[in-house]
Amino acid sequence: MSSIPVTAEGKRKLQGELDELQARVPFISKAIADAREKGDLRENAEYHAAREEMSMINARIQDLKSKLSRAVVVDESQIDHDRVAFGAKIKLEDLKDKSIEDWHLVGEGEDDPLENKILTSSPMGTVLIGRKVGETIVVDAPVGKLKFKIKAIAY
């Protein structure tokens with residue numbers, strides 16, 4: 001299993017979500033037990049809904065535990081600030097329409113496309129890693145190839 005780079009904040013968010021979900025498990029277990037007492041389980045919607053919720057929560061708990069076991073908090077002071085790396089805030093110029101976009105490379109649990117926070121493992125992230133200001137990148141996207149010029153890198 002490969003490690004997952006995260007910021008200290010990202011690791012806290014993942015742990016917080018895990019703690020919250022684990023706290024809900026006893027309540028859902030009680031709901032399942034209460035629904036079971038109501039009789040015929042084949043036609044008991046409350047029972048099936050609670051079981052489904054428990055299944056989804058258990059799957060998410062296992063996913064979070066896996067991510068946390070592989071999470072490595074990145075020391076940003078050890079990063080070469082002349083190149084794009086984990087934690088970088090990048091200003092890109094879209095070469096098609098000359099618009100400027102800001103992106104932030106983050107780790108698991110921190111990504112939010114609406115806030116332009118993308119994973120280092122995303123198509124855009126993998127193309128950006130290791131690049132310098134002034135370089136042109138090409139990203140394969142569902143709409144075709146997108147070309148950007150790196151205007152600035154900040155940490």
# chains A, B, ... in the order shown; residues from 1 in each chain; ligands from 1
>>> residues_around(residues="region 91-96 of chain A", least_positions_apart="6", cutoff="8 Å", atoms="only C-alpha atoms", output="PyMOL selection string")
chain A and resi 102-103+146-153
>>> write_last_selection(atoms="C-alpha atoms", output="tab-separated table (two decimals), in the first residue's frame")
chain	number	residue	atom	x	y	z
A	102	ASP	CA	-5.83	29.40	-8.81
A	103	TRP	CA	-5.43	25.78	-7.69
A	146	LEU	CA	-6.43	21.62	-21.73
A	147	LYS	CA	-3.28	23.76	-21.89
A	148	PHE	CA	-2.10	25.96	-19.04
A	149	LYS	CA	0.98	28.04	-18.30
A	150	ILE	CA	2.24	28.12	-14.69
A	151	LYS	CA	2.33	31.77	-13.64
A	152	ALA	CA	3.15	31.43	-9.92
A	153	ILE	CA	3.78	28.89	-7.17
>>> residues_around(residues="region 65-75 of chain A", least_positions_apart="5", cutoff="12 Å", atoms="only C-alpha atoms", output="number ranges by chain")
A: 1-19, 21-22, 58-60, 80, 85-88, 106-109, 155
>>> write_last_selection(atoms="N, CA and C atoms", output="compact mmCIF listing (two decimals), in the first residue's frame")
# COMPACT_ATOMS: atom_id res chain seq x y z
N MET A 1 0.84 -1.19 0.00
CA MET A 1 0.00 0.00 0.00
C MET A 1 0.88 1.24 0.00
N SER A 2 0.52 2.19 -0.83
CA SER A 2 1.30 3.42 -0.90
C SER A 2 0.81 4.42 0.13
N SER A 3 1.73 5.30 0.51
CA SER A 3 1.37 6.31 1.50
C SER A 3 0.57 7.42 0.83
N ILE A 4 -0.19 8.13 1.65
CA ILE A 4 -1.03 9.22 1.17
C ILE A 4 -0.53 10.51 1.83
N PRO A 5 -0.05 11.47 1.05
CA PRO A 5 0.39 12.73 1.65
C PRO A 5 -0.82 13.54 2.11
N VAL A 6 -0.72 14.08 3.32
CA VAL A 6 -1.79 14.94 3.86
C VAL A 6 -1.15 16.05 4.67
N THR A 7 -1.90 17.11 4.85
CA THR A 7 -1.49 18.15 5.79
C THR A 7 -1.97 17.72 7.17
N ALA A 8 -1.45 18.38 8.19
CA ALA A 8 -1.91 18.07 9.55
C ALA A 8 -3.41 18.33 9.65
N GLU A 9 -3.88 19.39 9.01
CA GLU A 9 -5.32 19.72 9.03
C GLU A 9 -6.12 18.63 8.34
N GLY A 10 -5.63 18.14 7.21
CA GLY A 10 -6.32 17.08 6.48
C GLY A 10 -6.43 15.80 7.30
N LYS A 11 -5.37 15.47 8.03
CA LYS A 11 -5.40 14.27 8.87
C LYS A 11 -6.41 14.46 10.00
N ARG A 12 -6.46 15.66 10.58
CA ARG A 12 -7.44 15.93 11.65
C ARG A 12 -8.87 15.82 11.12
N LYS A 13 -9.10 16.28 9.89
CA LYS A 13 -10.45 16.19 9.30
C LYS A 13 -10.85 14.73 9.10
N LEU A 14 -9.93 13.92 8.59
CA LEU A 14 -10.22 12.50 8.40
C LEU A 14 -10.51 11.82 9.73
N GLN A 15 -9.69 12.12 10.74
CA GLN A 15 -9.88 11.52 12.07
C GLN A 15 -11.20 11.98 12.67
N GLY A 16 -11.54 13.25 12.48
CA GLY A 16 -12.80 13.77 13.01
C GLY A 16 -14.01 13.09 12.39
N GLU A 17 -13.95 12.86 11.07
CA GLU A 17 -15.05 12.16 10.40
C GLU A 17 -15.15 10.73 10.91
N LEU A 18 -14.00 10.07 11.09
CA LEU A 18 -14.00 8.70 11.60
C LEU A 18 -14.61 8.66 13.00
N ASP A 19 -14.19 9.56 13.87
CA ASP A 19 -14.72 9.59 15.24
C ASP A 19 -16.23 9.81 15.24
N LEU A 21 -18.42 9.09 12.83
CA LEU A 21 -19.12 7.89 12.33
C LEU A 21 -19.11 6.77 13.37
N GLN A 22 -17.98 6.59 14.05
CA GLN A 22 -17.91 5.54 15.06
C GLN A 22 -18.84 5.83 16.23
N ASN A 58 -20.26 1.52 8.01
CA ASN A 58 -19.14 0.60 8.19
C ASN A 58 -18.17 0.65 7.01
N ALA A 59 -18.69 0.78 5.80
CA ALA A 59 -17.83 0.89 4.62
C ALA A 59 -16.99 2.17 4.68
N ARG A 60 -17.62 3.27 5.06
CA ARG A 60 -16.89 4.54 5.16
C ARG A 60 -15.86 4.49 6.29
N ASP A 80 10.89 21.70 -1.97
CA ASP A 80 11.56 22.66 -2.88
C ASP A 80 10.48 23.63 -3.37
N ALA A 85 4.72 21.06 -5.79
CA ALA A 85 4.72 19.86 -4.97
C ALA A 85 3.46 19.88 -4.11
N PHE A 86 3.33 18.86 -3.28
CA PHE A 86 2.19 18.78 -2.38
C PHE A 86 2.06 20.07 -1.58
N GLY A 87 0.84 20.58 -1.48
CA GLY A 87 0.57 21.79 -0.70
C GLY A 87 0.73 23.08 -1.49
N ALA A 88 1.19 22.99 -2.72
CA ALA A 88 1.42 24.20 -3.52
C ALA A 88 0.11 24.87 -3.91
N VAL A 106 -3.74 19.32 -2.72
CA VAL A 106 -3.98 18.84 -1.36
C VAL A 106 -4.01 17.31 -1.33
N GLY A 107 -4.16 16.78 -0.13
CA GLY A 107 -4.20 15.34 0.05
C GLY A 107 -5.61 14.84 0.32
N GLU A 108 -5.70 13.55 0.57
CA GLU A 108 -6.98 12.88 0.84
C GLU A 108 -7.77 13.61 1.94
N GLY A 109 -9.04 13.79 1.69
CA GLY A 109 -9.90 14.40 2.70
C GLY A 109 -9.94 15.91 2.64
N TYR A 155 3.51 28.63 -1.31
CA TYR A 155 3.29 27.62 -0.27
C TYR A 155 2.81 28.29 1.00
>>> closest_residue(among="A:Arg36, A:Lys132, A:Arg83, A:Lys89", to="His48 (chain A)", atoms="only C-alpha atoms")
A:Arg36
>>> closest_residue(among="A:Glu115, A:Ile28, A:Arg42, A:Val84", to="Leu128 (chain A)", atoms="only C-alpha atoms")
A:Val84
>>> atom_distance(atom1="CA of Gln62 (chain A)", atom2="CA of Thr126 (chain A)")
26.3 Å
>>> residues_around(residues="Phe27 (chain A)", least_positions_apart="5", cutoff="12 Å", atoms="only C-alpha atoms", output="JSON list (two decimals) with C-alpha atoms, in the first residue's frame")
[["chain", "number", "residue", "atom", "x", "y", "z"],
["A", 20, "GLU", "CA", -18.14, 11.00, 14.29],
["A", 21, "LEU", "CA", -19.12, 7.89, 12.33],
["A", 22, "GLN", "CA", -17.91, 5.54, 15.06],
["A", 32, "ILE", "CA", -31.71, -2.21, 14.25],
["A", 33, "ALA", "CA", -32.45, -4.04, 17.51],
["A", 34, "ASP", "CA", -35.63, -1.96, 18.08],
["A", 50, "ALA", "CA", -31.15, 0.93, 9.57],
["A", 51, "ARG", "CA", -29.24, -2.06, 8.17],
["A", 53, "GLU", "CA", -27.28, 2.87, 6.96],
["A", 54, "MET", "CA", -25.08, 0.62, 9.12],
["A", 57, "ILE", "CA", -21.25, 3.74, 7.69]]
>>> closest_residue(among="A:Ala35, A:Ile61, A:Ala141, A:Leu114", to="Val127 (chain A)", atoms="only C-alpha atoms")
A:Ala141
>>> select_by_dssp(residues="region 82-155 of chain A", states="strand (DSSP E or B)", output="JSON, numbers by chain")
{"A": [83, 89, 90, 91, 92, 93, 94, 100, 101, 102, 103, 104, 105, 106, 112, 117, 118, 119, 132, 136, 137, 138, 139, 140, 141, 144, 145, 146, 147, 148, 149, 150, 151, 152, 153, 154]}
>>> closest_residue(among="A:Thr136, A:Ser55, A:Ser122, A:Ser77", to="Ser29 (chain A)", atoms="only C-alpha atoms")
A:Ser55
>>> atom_distance(atom1="CA of Ile129 (chain A)", atom2="CA of Asp112 (chain A)")
18.3 Å
>>> select_by_dssp(residues="chain A", states="helix (DSSP H, G or I)", output="VMD selection string")
chain A and resid 8 to 36 41 to 43 45 to 70 76 to 78 113 to 115 123 to 128
>>> decode(residues="region 1-25 of chain A", atoms="C-alpha atoms", output="short mmCIF file (atom, residue, chain, number, x, y, z; two decimals), in the first residue's frame")
data_model
loop_
_atom_site.label_atom_id
_atom_site.label_comp_id
_atom_site.auth_asym_id
_atom_site.auth_seq_id
_atom_site.Cartn_x
_atom_site.Cartn_y
_atom_site.Cartn_z
CA MET A 1 0.00 0.00 0.00
CA SER A 2 1.30 3.42 -0.90
CA SER A 3 1.37 6.31 1.50
CA ILE A 4 -1.03 9.22 1.17
CA PRO A 5 0.39 12.73 1.65
CA VAL A 6 -1.79 14.94 3.86
CA THR A 7 -1.49 18.15 5.79
CA ALA A 8 -1.91 18.07 9.55
CA GLU A 9 -5.32 19.72 9.03
CA GLY A 10 -6.32 17.08 6.48
CA LYS A 11 -5.40 14.27 8.87
CA ARG A 12 -7.44 15.93 11.65
CA LYS A 13 -10.45 16.19 9.30
CA LEU A 14 -10.22 12.50 8.40
CA GLN A 15 -9.88 11.52 12.07
CA GLY A 16 -12.80 13.77 13.01
CA GLU A 17 -15.05 12.16 10.40
CA LEU A 18 -14.00 8.70 11.60
CA ASP A 19 -14.72 9.59 15.24
CA GLU A 20 -18.14 11.00 14.29
CA LEU A 21 -19.12 7.89 12.33
CA GLN A 22 -17.91 5.54 15.06
CA ALA A 23 -20.00 7.46 17.60
CA ARG A 24 -23.11 6.84 15.46
CA VAL A 25 -22.65 3.05 15.32
#
